[in-house]
Amino acid sequence: MTLIFQLFILIIIISSLVIISFFIYFGIRYYQTRQSKVQIKQYINRTDDLWFDYLVNQSSFNNEQLWNNSNEFKAIEEILFSYTNNFSDECIHNQISQFANSLLTEKYRKQLKSRDKNVRINTLYRVHLFNISALSEDIQEMMRKPKSDTEHFQLLLIYAKILPENFYDEFEKVQLNLSEFQFKILFAVIPKEIHMKVLDSFESLSVEGQYAFIDVLGKSLDYADAEYLLKLLDSHEIEIRIRSLKALSEGGIILDEEKVLPFIDSEVWEERLMVAKIFSKVEAEELVYKKLIEDSNWWVRNEVAQGLSLTRNGRVILEEIMRSSKDQYAVDASRKYLLKGEVIS
Amino acid sequence: MIDTILISLGFIISVYMMIVIINYAAMLLIAYFTLRKNTGIDRQVETLPYQITKVMKPISIVVPAYNESAGILNSIYSLLNLNYTQTEIIIVNDGSTDDTQEKVLKEFKLIPVFEAIRVQIPSKKIKQVYQSTVHTNLFFIEKENGGKSDALNAGINLAHYPYICSIDGDSILHRDALFSIMTPISASNGQIIAAGGTIRVANEMNVELGDFKEPKIYSKPLILIQVIEYVRSFLIGRISLSQFNLLLIISGAFSIFERQWVIDVGGYSTDMIGEDMELVVKLHRLIKERGVDKKIISIPDPICYTEAPNKLAILRRQRRRWHQGLLSSLLRHKDMLLNPKYGAIGMISLPYYWFVEAMGPVIEFLGVFYVILTFFFGQVYFEFIIMLSAFFLIYGGIYTIGALLLDSYTINGYVSTRALFRMVIISMTEVFWYRPLNIFWRLEGIYQTLKGNTEWGEMERSGFSRKGDAE
């Protein structure tokens, strides 16, 4: 019992020391954090007008804006984030990039060589965000031996921005390992010339890459992309066809209605749904709507009725369907959207 | 004879306590390494490409509300102010008897719309659907009272998007919470089908138009101990279990689910207490039955602020119900326990929830009983108890400090020495006041379950109650 008792005493003493050490640690960290916040706030209050003039009015840089310690450096980063996020003006973004290229490069270069992976990643985020092309050699060096998948992907994003001419080669090397989500992010940020290159080599993309590319096309569709999507409708793969129809419906550009119309009779309801979505945006003959609204699938009927209810002509068609259709489901779907938005109680 | 009983009882209790302590210590270490790995990543900058590129999936936020007049407007404002690409907000008025509906309809200029709802999960009758004329992504369902689960099911039926986010009517989400929670979900390419966020106690915090100020130090011991409990539960328990896909509870106060999976398991169960745990267990069951590689995770960053009960009577009811919920779900799925067909869920997770979480109060009660007995029998036991108590006292302090250390990683800040001192003292003393109360309340839960009482009655909200489960 004495031995157990002594053991307990020992545990209690060690534990008490642990608690005291934590108190000291927390005390120091709390003080440091508070000081840091105060200094950041003071710097921002002192220089916010100067930064506004510099970034928005394109005034010359004032030396008062330079930082004297790491907290003031953090304050500058906060200011730059804020302007990057809240302004879409290209001049402001260029000014931020110019400032970052001339004054932040050295610090970021050191950080990119840090042993702490989080410091490297955070710096890569900044290089991408502030468009620091002055670090392109360092980025290329890192790309030769990326230390993690996250780092590798972030480097690709940076390539798309500051080294577009080298992007595709690097992209090709890793594309089989990328997820659909990563593909989407990349495709959404690549410049037009890379976009065309990806489009030309669509067949060589992995399945996830192909799906992602089609999805991204729909977000900002132009005529060339719309034409390409129409070609993809000949694909043997159902998923490719559905996604292409979806992208066309989102983009709202239909260059050849005849290519789309046969999908009204598709055995795959998702394809019929996408056609309904397309003709919610692009006007078609009344017969098309009548056929779609009598579809066996709830989603298809619902979609086409909703689309029709948004336009004056469409509402006329819905009223006509309500009066004359023998299909009760079609009548219900028409009624639902005709009444929507109106006070019925 | 008495000596033998006391020795055996002491041995059983000590072994149990040691297993629990080792288990929690292991969880603390796992959570430490998990959170440490991501410490220092600049989330604000990290999510920017996702925000710009609009690649995140749209979310339907479903908010069940029953007599939430006091907090519903703030809650809706906070949802409208969320930083996310595409959301719709569906408030489900579950037959409130106060002015919840009038307030919301007036504030957000909602009008009745004729909405044919595709009923994929059964729910009580929907009387009317409203849509805001100011915020067209805000819907309001007026329905017959059917309980929280029923309200959620009605909202899921109306939802138009592939992901469902369930939030309680008086909770406030952090502005970036959806981005943080959806980033790993989107990046997983469908592997993650459900995720829970971290819940924090918001009592004594200033909330205006959905925005909130950082928590101050809590003055009431009852609130403070709950603050500590939440931090310990969300940042240690759930994060560590989540690492191995062993999580059986994600809080109903803030969670995200893939809509189709929820429909496939029949939605929230309306016939039992603890619908949030039940849904997760049902999902795990379906995952195993389908033999697919899917995950349910808990994420430390996304924060949902909620009010904790500030009266013992409300807290008692909450804890009793949580325990009833836990037991009901464990009992309903008892065929999964130690069943290799269900993999780690059957062989590790369920035994853990049975042994540590569900049976905990019984063993702990035996411990208290043992302490009382030893007062009457001999010096040896008394010394043993004194040592054991001292050990638990210190252990409580260390465990709380560990949790606060993890907390400092997630909020990127540190509590003041004064606040830390208060927290450590409170957690060291909890063994004398809060723990026994909790044991009693949870035993009540066991009793109610054995009696077969699994009714919620009406969804009841007294002040701020029944928020996120810290257990």
# chains A, B, ... in the order shown; residues from 1 in each chain; ligands from 1

$ residues_around --residues "Asp170 in chain B" --least-positions-apart "5" --cutoff "6 Å" --atoms "only C-alpha atoms" --output "PyMOL selection string"
chain B and resi 71-72+75

$ write_last_selection --atoms "C-alpha atoms" --output "mmCIF file, in the first residue's frame"
data_model
loop_
_atom_site.group_PDB
_atom_site.id
_atom_site.type_symbol
_atom_site.label_atom_id
_atom_site.label_comp_id
_atom_site.auth_asym_id
_atom_site.auth_seq_id
_atom_site.Cartn_x
_atom_site.Cartn_y
_atom_site.Cartn_z
ATOM 1 C CA GLY B 71 -34.222 33.782 -31.380
ATOM 2 C CA ILE B 72 -35.575 32.968 -34.820
ATOM 3 C CA SER B 75 -30.921 32.995 -36.573
#

$ closest_atom_pairs --of "chain B" --to "chain A" --cutoff "7 Å" --atoms "only C-alpha atoms" --output "tab-separated table"
residue	atom	partner	partner_atom	distance
B:Gly40	CA	A:Asn118	CA	6.1
B:Ile41	CA	A:Asn118	CA	5.6
B:Asp42	CA	A:Asn122	CA	6.0
B:Val45	CA	A:Tyr125	CA	6.4
B:Glu46	CA	A:Tyr125	CA	6.5
B:Tyr50	CA	A:Ile185	CA	6.8
B:Thr53	CA	A:Ala188	CA	5.6
B:Val55	CA	A:Lys184	CA	6.6
B:Ile111	CA	A:Val343	CA	6.6
B:Pro112	CA	A:Val343	CA	5.8
B:Val113	CA	A:Lys340	CA	4.8
B:Phe114	CA	A:Lys340	CA	5.0
B:Glu115	CA	A:Lys336	CA	6.1
B:Ala116	CA	A:Lys336	CA	6.3
B:Ser186	CA	A:Phe181	CA	6.4
B:Ala187	CA	A:Phe181	CA	5.5
B:Asn189	CA	A:Phe181	CA	6.7
B:Met387	CA	A:Phe8	CA	6.6
B:Phe391	CA	A:Ile12	CA	6.5
B:Ile394	CA	A:Ser15	CA	6.5
B:Ile398	CA	A:Ile19	CA	6.3
B:Gly413	CA	A:Thr33	CA	6.7
B:Tyr414	CA	A:Tyr30	CA	5.1
B:Val415	CA	A:Tyr30	CA	6.4
B:Ser416	CA	A:Tyr30	CA	5.9
B:Thr417	CA	A:Gly27	CA	5.4

$ write_last_selection --atoms "N, CA, C and O atoms" --output "mmCIF file, in the first residue's frame"
data_model
loop_
_atom_site.group_PDB
_atom_site.id
_atom_site.type_symbol
_atom_site.label_atom_id
_atom_site.label_comp_id
_atom_site.auth_asym_id
_atom_site.auth_seq_id
_atom_site.Cartn_x
_atom_site.Cartn_y
_atom_site.Cartn_z
ATOM 1 N N GLY B 40 -2.266 26.560 -38.008
ATOM 2 C CA GLY B 40 -1.456 27.533 -38.718
ATOM 3 C C GLY B 40 -1.836 27.685 -40.179
ATOM 4 O O GLY B 40 -1.376 28.599 -40.843
ATOM 5 N N ILE B 41 -2.697 26.793 -40.701
ATOM 6 C CA ILE B 41 -3.148 26.971 -42.088
ATOM 7 C C ILE B 41 -4.101 28.168 -42.111
ATOM 8 O O ILE B 41 -5.002 28.267 -41.287
ATOM 9 N N ASP B 42 -3.855 29.044 -43.044
ATOM 10 C CA ASP B 42 -4.654 30.256 -43.121
ATOM 11 C C ASP B 42 -5.961 29.962 -43.861
ATOM 12 O O ASP B 42 -6.012 29.975 -45.080
ATOM 13 N N VAL B 45 -7.503 32.461 -46.452
ATOM 14 C CA VAL B 45 -6.913 32.504 -47.782
ATOM 15 C C VAL B 45 -7.127 31.179 -48.500
ATOM 16 O O VAL B 45 -7.342 31.143 -49.712
ATOM 17 N N GLU B 46 -7.106 30.091 -47.726
ATOM 18 C CA GLU B 46 -7.230 28.759 -48.315
ATOM 19 C C GLU B 46 -8.521 28.601 -49.129
ATOM 20 O O GLU B 46 -8.524 28.039 -50.211
ATOM 21 N N TYR B 50 -11.978 28.528 -53.810
ATOM 22 C CA TYR B 50 -13.266 27.836 -53.854
ATOM 23 C C TYR B 50 -14.393 28.863 -53.954
ATOM 24 O O TYR B 50 -15.400 28.649 -54.620
ATOM 25 N N THR B 53 -14.246 30.378 -57.552
ATOM 26 C CA THR B 53 -14.571 29.493 -58.667
ATOM 27 C C THR B 53 -15.975 28.893 -58.591
ATOM 28 O O THR B 53 -16.433 28.277 -59.532
ATOM 29 N N VAL B 55 -17.261 26.319 -57.115
ATOM 30 C CA VAL B 55 -17.350 24.887 -57.402
ATOM 31 C C VAL B 55 -18.015 24.114 -56.273
ATOM 32 O O VAL B 55 -18.171 22.908 -56.356
ATOM 33 N N ILE B 111 -44.721 35.433 -48.600
ATOM 34 C CA ILE B 111 -46.084 35.274 -49.111
ATOM 35 C C ILE B 111 -46.356 33.796 -49.384
ATOM 36 O O ILE B 111 -45.427 33.047 -49.683
ATOM 37 N N PRO B 112 -47.630 33.392 -49.308
ATOM 38 C CA PRO B 112 -47.918 31.983 -49.572
ATOM 39 C C PRO B 112 -47.650 31.642 -51.036
ATOM 40 O O PRO B 112 -47.921 32.439 -51.926
ATOM 41 N N VAL B 113 -47.088 30.462 -51.262
ATOM 42 C CA VAL B 113 -46.886 29.993 -52.634
ATOM 43 C C VAL B 113 -47.457 28.586 -52.742
ATOM 44 O O VAL B 113 -47.506 27.855 -51.757
ATOM 45 N N PHE B 114 -47.898 28.251 -53.951
ATOM 46 C CA PHE B 114 -48.420 26.910 -54.154
ATOM 47 C C PHE B 114 -47.255 26.018 -54.530
ATOM 48 O O PHE B 114 -46.719 26.101 -55.619
ATOM 49 N N GLU B 115 -46.794 25.218 -53.605
ATOM 50 C CA GLU B 115 -45.598 24.403 -53.841
ATOM 51 C C GLU B 115 -45.968 22.933 -53.706
ATOM 52 O O GLU B 115 -46.268 22.455 -52.609
ATOM 53 N N ALA B 116 -45.999 22.227 -54.844
ATOM 54 C CA ALA B 116 -46.286 20.790 -54.778
ATOM 55 C C ALA B 116 -45.015 20.086 -54.316
ATOM 56 O O ALA B 116 -44.013 20.086 -55.011
ATOM 57 N N SER B 186 -16.685 18.452 -50.412
ATOM 58 C CA SER B 186 -16.531 18.580 -51.868
ATOM 59 C C SER B 186 -15.242 17.905 -52.330
ATOM 60 O O SER B 186 -15.227 17.230 -53.360
ATOM 61 N N ALA B 187 -14.171 18.092 -51.541
ATOM 62 C CA ALA B 187 -12.877 17.533 -51.938
ATOM 63 C C ALA B 187 -12.899 16.010 -51.901
ATOM 64 O O ALA B 187 -12.101 15.365 -52.576
ATOM 65 N N ASN B 189 -15.111 14.100 -53.061
ATOM 66 C CA ASN B 189 -15.827 13.551 -54.222
ATOM 67 C C ASN B 189 -16.898 12.550 -53.846
ATOM 68 O O ASN B 189 -16.959 11.437 -54.382
ATOM 69 N N MET B 387 -6.786 9.009 -2.305
ATOM 70 C CA MET B 387 -5.793 9.047 -3.381
ATOM 71 C C MET B 387 -6.478 9.056 -4.750
ATOM 72 O O MET B 387 -6.092 9.817 -5.644
ATOM 73 N N PHE B 391 -6.400 11.938 -7.583
ATOM 74 C CA PHE B 391 -5.995 11.605 -8.938
ATOM 75 C C PHE B 391 -7.001 12.149 -9.957
ATOM 76 O O PHE B 391 -6.637 12.792 -10.936
ATOM 77 N N ILE B 394 -6.850 15.991 -10.256
ATOM 78 C CA ILE B 394 -5.748 16.445 -11.103
ATOM 79 C C ILE B 394 -6.033 16.084 -12.562
ATOM 80 O O ILE B 394 -5.842 16.884 -13.470
ATOM 81 N N ILE B 398 -6.009 18.435 -15.945
ATOM 82 C CA ILE B 398 -5.137 18.207 -17.110
ATOM 83 C C ILE B 398 -5.966 18.005 -18.378
ATOM 84 O O ILE B 398 -5.649 18.549 -19.434
ATOM 85 N N GLY B 413 -6.346 31.486 -30.873
ATOM 86 C CA GLY B 413 -6.237 32.457 -29.787
ATOM 87 C C GLY B 413 -6.118 31.742 -28.455
ATOM 88 O O GLY B 413 -6.295 30.524 -28.390
ATOM 89 N N TYR B 414 -5.843 32.474 -27.431
ATOM 90 C CA TYR B 414 -5.658 31.848 -26.122
ATOM 91 C C TYR B 414 -6.525 32.546 -25.083
ATOM 92 O O TYR B 414 -6.736 33.751 -25.162
ATOM 93 N N VAL B 415 -7.003 31.766 -24.104
ATOM 94 C CA VAL B 415 -7.786 32.387 -23.038
ATOM 95 C C VAL B 415 -6.822 33.062 -22.070
ATOM 96 O O VAL B 415 -5.656 32.686 -21.984
ATOM 97 N N SER B 416 -7.328 34.049 -21.353
ATOM 98 C CA SER B 416 -6.460 34.752 -20.403
ATOM 99 C C SER B 416 -6.141 33.825 -19.237
ATOM 100 O O SER B 416 -6.846 32.843 -18.991
ATOM 101 N N THR B 417 -5.080 34.156 -18.501
ATOM 102 C CA THR B 417 -4.678 33.315 -17.367
ATOM 103 C C THR B 417 -5.809 33.246 -16.348
ATOM 104 O O THR B 417 -6.052 32.208 -15.739
#

$ atom_distance --atom1 "CA of Val63 in chain B" --atom2 "CA of Asn203 in chain B"
20.3 Å

$ select_by_dssp --residues "range 21-62 of chain A" --states "helix (DSSP H, G or I)" --output "ChimeraX atom specification"
/A:21-55

$ write_last_selection --atoms "N, CA and C atoms" --output "CSV table (one decimal), in the first residue's frame"
chain,number,residue,atom,x,y,z
A,21,SER,N,3.0,24.3,-15.6
A,21,SER,CA,3.7,24.6,-16.9
A,21,SER,C,2.7,25.1,-17.9
A,22,PHE,N,1.6,24.5,-18.0
A,22,PHE,CA,0.6,24.9,-19.0
A,22,PHE,C,0.1,26.3,-18.7
A,23,PHE,N,0.0,26.6,-17.3
A,23,PHE,CA,-0.4,28.0,-16.9
A,23,PHE,C,0.6,29.0,-17.5
A,24,ILE,N,1.8,28.7,-17.3
A,24,ILE,CA,2.9,29.6,-17.7
A,24,ILE,C,2.8,29.7,-19.3
A,25,TYR,N,2.7,28.6,-19.9
A,25,TYR,CA,2.6,28.6,-21.4
A,25,TYR,C,1.5,29.4,-21.9
A,26,PHE,N,0.3,29.2,-21.3
A,26,PHE,CA,-0.9,29.9,-21.8
A,26,PHE,C,-0.8,31.4,-21.5
A,27,GLY,N,-0.2,31.7,-20.3
A,27,GLY,CA,0.0,33.1,-19.9
A,27,GLY,C,0.9,33.8,-20.9
A,28,ILE,N,2.0,33.2,-21.3
A,28,ILE,CA,2.9,33.8,-22.3
A,28,ILE,C,2.2,34.0,-23.7
A,29,ARG,N,1.5,32.9,-24.1
A,29,ARG,CA,0.9,32.9,-25.4
A,29,ARG,C,-0.3,33.9,-25.5
A,30,TYR,N,-1.0,34.0,-24.4
A,30,TYR,CA,-2.1,35.0,-24.3
A,30,TYR,C,-1.5,36.4,-24.4
A,31,TYR,N,-0.4,36.7,-23.7
A,31,TYR,CA,0.2,38.0,-23.7
A,31,TYR,C,0.7,38.3,-25.1
A,32,GLN,N,1.3,37.3,-25.7
A,32,GLN,CA,1.9,37.5,-27.1
A,32,GLN,C,0.7,37.8,-28.1
A,33,THR,N,-0.3,37.0,-28.0
A,33,THR,CA,-1.5,37.1,-29.0
A,33,THR,C,-2.1,38.5,-28.8
A,34,ARG,N,-2.3,38.9,-27.5
A,34,ARG,CA,-2.9,40.2,-27.3
A,34,ARG,C,-2.0,41.4,-27.8
A,35,GLN,N,-0.7,41.3,-27.6
A,35,GLN,CA,0.2,42.3,-28.1
A,35,GLN,C,0.1,42.4,-29.6
A,36,SER,N,0.1,41.2,-30.2
A,36,SER,CA,0.1,41.1,-31.6
A,36,SER,C,-1.1,41.8,-32.2
A,37,LYS,N,-2.3,41.5,-31.6
A,37,LYS,CA,-3.5,42.1,-32.1
A,37,LYS,C,-3.5,43.6,-31.9
A,38,VAL,N,-3.0,44.1,-30.8
A,38,VAL,CA,-2.9,45.5,-30.6
A,38,VAL,C,-2.0,46.2,-31.6
A,39,GLN,N,-0.9,45.6,-31.9
A,39,GLN,CA,0.1,46.2,-32.9
A,39,GLN,C,-0.6,46.1,-34.3
A,40,ILE,N,-1.3,45.1,-34.6
A,40,ILE,CA,-1.9,45.0,-35.9
A,40,ILE,C,-3.0,46.1,-36.1
A,41,LYS,N,-3.7,46.2,-35.0
A,41,LYS,CA,-4.8,47.2,-35.0
A,41,LYS,C,-4.2,48.6,-35.2
A,42,GLN,N,-3.1,48.9,-34.4
A,42,GLN,CA,-2.5,50.2,-34.4
A,42,GLN,C,-2.0,50.5,-35.8
A,43,TYR,N,-1.3,49.5,-36.4
A,43,TYR,CA,-0.8,49.8,-37.7
A,43,TYR,C,-1.9,50.1,-38.7
A,44,ILE,N,-3.0,49.3,-38.7
A,44,ILE,CA,-4.0,49.5,-39.6
A,44,ILE,C,-4.7,50.9,-39.4
A,45,ASN,N,-4.9,51.3,-38.2
A,45,ASN,CA,-5.5,52.6,-37.9
A,45,ASN,C,-4.5,53.7,-38.4
A,46,ARG,N,-3.2,53.5,-38.3
A,46,ARG,CA,-2.3,54.5,-38.6
A,46,ARG,C,-2.1,54.7,-40.1
A,47,THR,N,-2.3,53.6,-40.8
A,47,THR,CA,-2.0,53.7,-42.3
A,47,THR,C,-3.1,53.4,-43.2
A,48,ASP,N,-4.3,53.2,-42.7
A,48,ASP,CA,-5.4,52.8,-43.7
A,48,ASP,C,-5.7,53.9,-44.8
A,49,ASP,N,-5.5,55.2,-44.4
A,49,ASP,CA,-5.7,56.2,-45.5
A,49,ASP,C,-4.6,56.1,-46.5
A,50,LEU,N,-3.4,55.9,-46.1
A,50,LEU,CA,-2.3,55.8,-47.0
A,50,LEU,C,-2.5,54.6,-48.0
A,51,TRP,N,-2.9,53.5,-47.4
A,51,TRP,CA,-3.2,52.3,-48.2
A,51,TRP,C,-4.3,52.5,-49.2
A,52,PHE,N,-5.3,53.2,-48.8
A,52,PHE,CA,-6.4,53.5,-49.7
A,52,PHE,C,-5.9,54.3,-50.9
A,53,ASP,N,-5.1,55.4,-50.5
A,53,ASP,CA,-4.6,56.2,-51.6
A,53,ASP,C,-3.7,55.5,-52.5
A,54,TYR,N,-2.9,54.6,-51.9
A,54,TYR,CA,-1.9,53.8,-52.7
A,54,TYR,C,-2.6,52.8,-53.7
A,55,LEU,N,-3.6,52.1,-53.1
A,55,LEU,CA,-4.2,51.0,-53.9
A,55,LEU,C,-5.4,51.5,-54.8

$ select_by_dssp --residues "range 98-339 of chain B" --states "strand (DSSP E or B)" --output "PyMOL selection string"
chain B and resi 110-113+126-132+138-143+163-167+172-173+192-201+207-208+211-212+254-258+295-306

$ residues_around --residues "Tyr168 in chain A" --least-positions-apart "5" --cutoff "12 Å" --atoms "only C-alpha atoms" --output "list in words"
Leu156, Leu157, Tyr159, Ala160, Lys161, Leu163, Lys173, Val174, Gln175, Leu186, Phe187, Ile190, Pro191, Glu193, Ile194, His195, Met196, Lys197, Val198, Leu199, Asp200, Ser201 and Leu205 of chain A

$ residues_around --residues "Asn83 in chain B" --least-positions-apart "3" --cutoff "10 Å" --atoms "only C-alpha atoms" --output "PyMOL selection string"
chain B and resi 51+78-80+86-87+174-179

$ residues_around --residues "Ala330 in chain A" --least-positions-apart "4" --cutoff "9 Å" --atoms "only C-alpha atoms" --output "ChimeraX atom specification"
/A:290,292-295,301-302,305,321-322,325-326,334-335

$ write_last_selection --atoms "N, CA and C atoms" --output "short mmCIF file (atom, residue, chain, number, x, y, z; two decimals), in the first residue's frame"
data_model
loop_
_atom_site.label_atom_id
_atom_site.label_comp_id
_atom_site.auth_asym_id
_atom_site.auth_seq_id
_atom_site.Cartn_x
_atom_site.Cartn_y
_atom_site.Cartn_z
N LYS A 290 -45.46 20.70 -74.38
CA LYS A 290 -46.59 19.81 -74.07
C LYS A 290 -46.10 18.39 -73.84
N LEU A 292 -43.03 17.56 -72.87
CA LEU A 292 -42.22 17.49 -71.65
C LEU A 292 -43.09 17.52 -70.39
N ILE A 293 -44.14 18.30 -70.44
CA ILE A 293 -44.96 18.43 -69.23
C ILE A 293 -45.81 17.18 -68.98
N GLU A 294 -45.92 16.37 -69.99
CA GLU A 294 -46.64 15.10 -69.81
C GLU A 294 -45.67 13.93 -69.60
N ASP A 295 -44.43 14.31 -69.29
CA ASP A 295 -43.39 13.28 -69.08
C ASP A 295 -43.76 12.40 -67.88
N ARG A 301 -41.48 17.14 -65.38
CA ARG A 301 -42.72 17.94 -65.42
C ARG A 301 -42.54 19.23 -64.63
N ASN A 302 -41.97 19.04 -63.45
CA ASN A 302 -41.78 20.17 -62.55
C ASN A 302 -40.89 21.24 -63.19
N ALA A 305 -42.56 23.09 -66.13
CA ALA A 305 -43.62 23.99 -65.66
C ALA A 305 -43.02 25.23 -65.01
N ILE A 321 -52.40 24.18 -71.22
CA ILE A 321 -52.23 22.79 -70.76
C ILE A 321 -53.25 22.49 -69.66
N MET A 322 -53.43 23.44 -68.76
CA MET A 322 -54.38 23.25 -67.66
C MET A 322 -55.80 23.01 -68.19
N SER A 325 -55.20 19.58 -71.30
CA SER A 325 -54.48 18.31 -71.15
C SER A 325 -55.32 17.26 -70.41
N LYS A 326 -55.19 16.02 -70.87
CA LYS A 326 -55.90 14.93 -70.19
C LYS A 326 -55.00 14.29 -69.14
N SER A 334 -48.76 22.32 -63.97
CA SER A 334 -49.06 23.65 -64.54
C SER A 334 -49.70 24.53 -63.49
N ARG A 335 -50.66 23.96 -62.75
CA ARG A 335 -51.36 24.75 -61.74
C ARG A 335 -50.38 25.27 -60.69
#
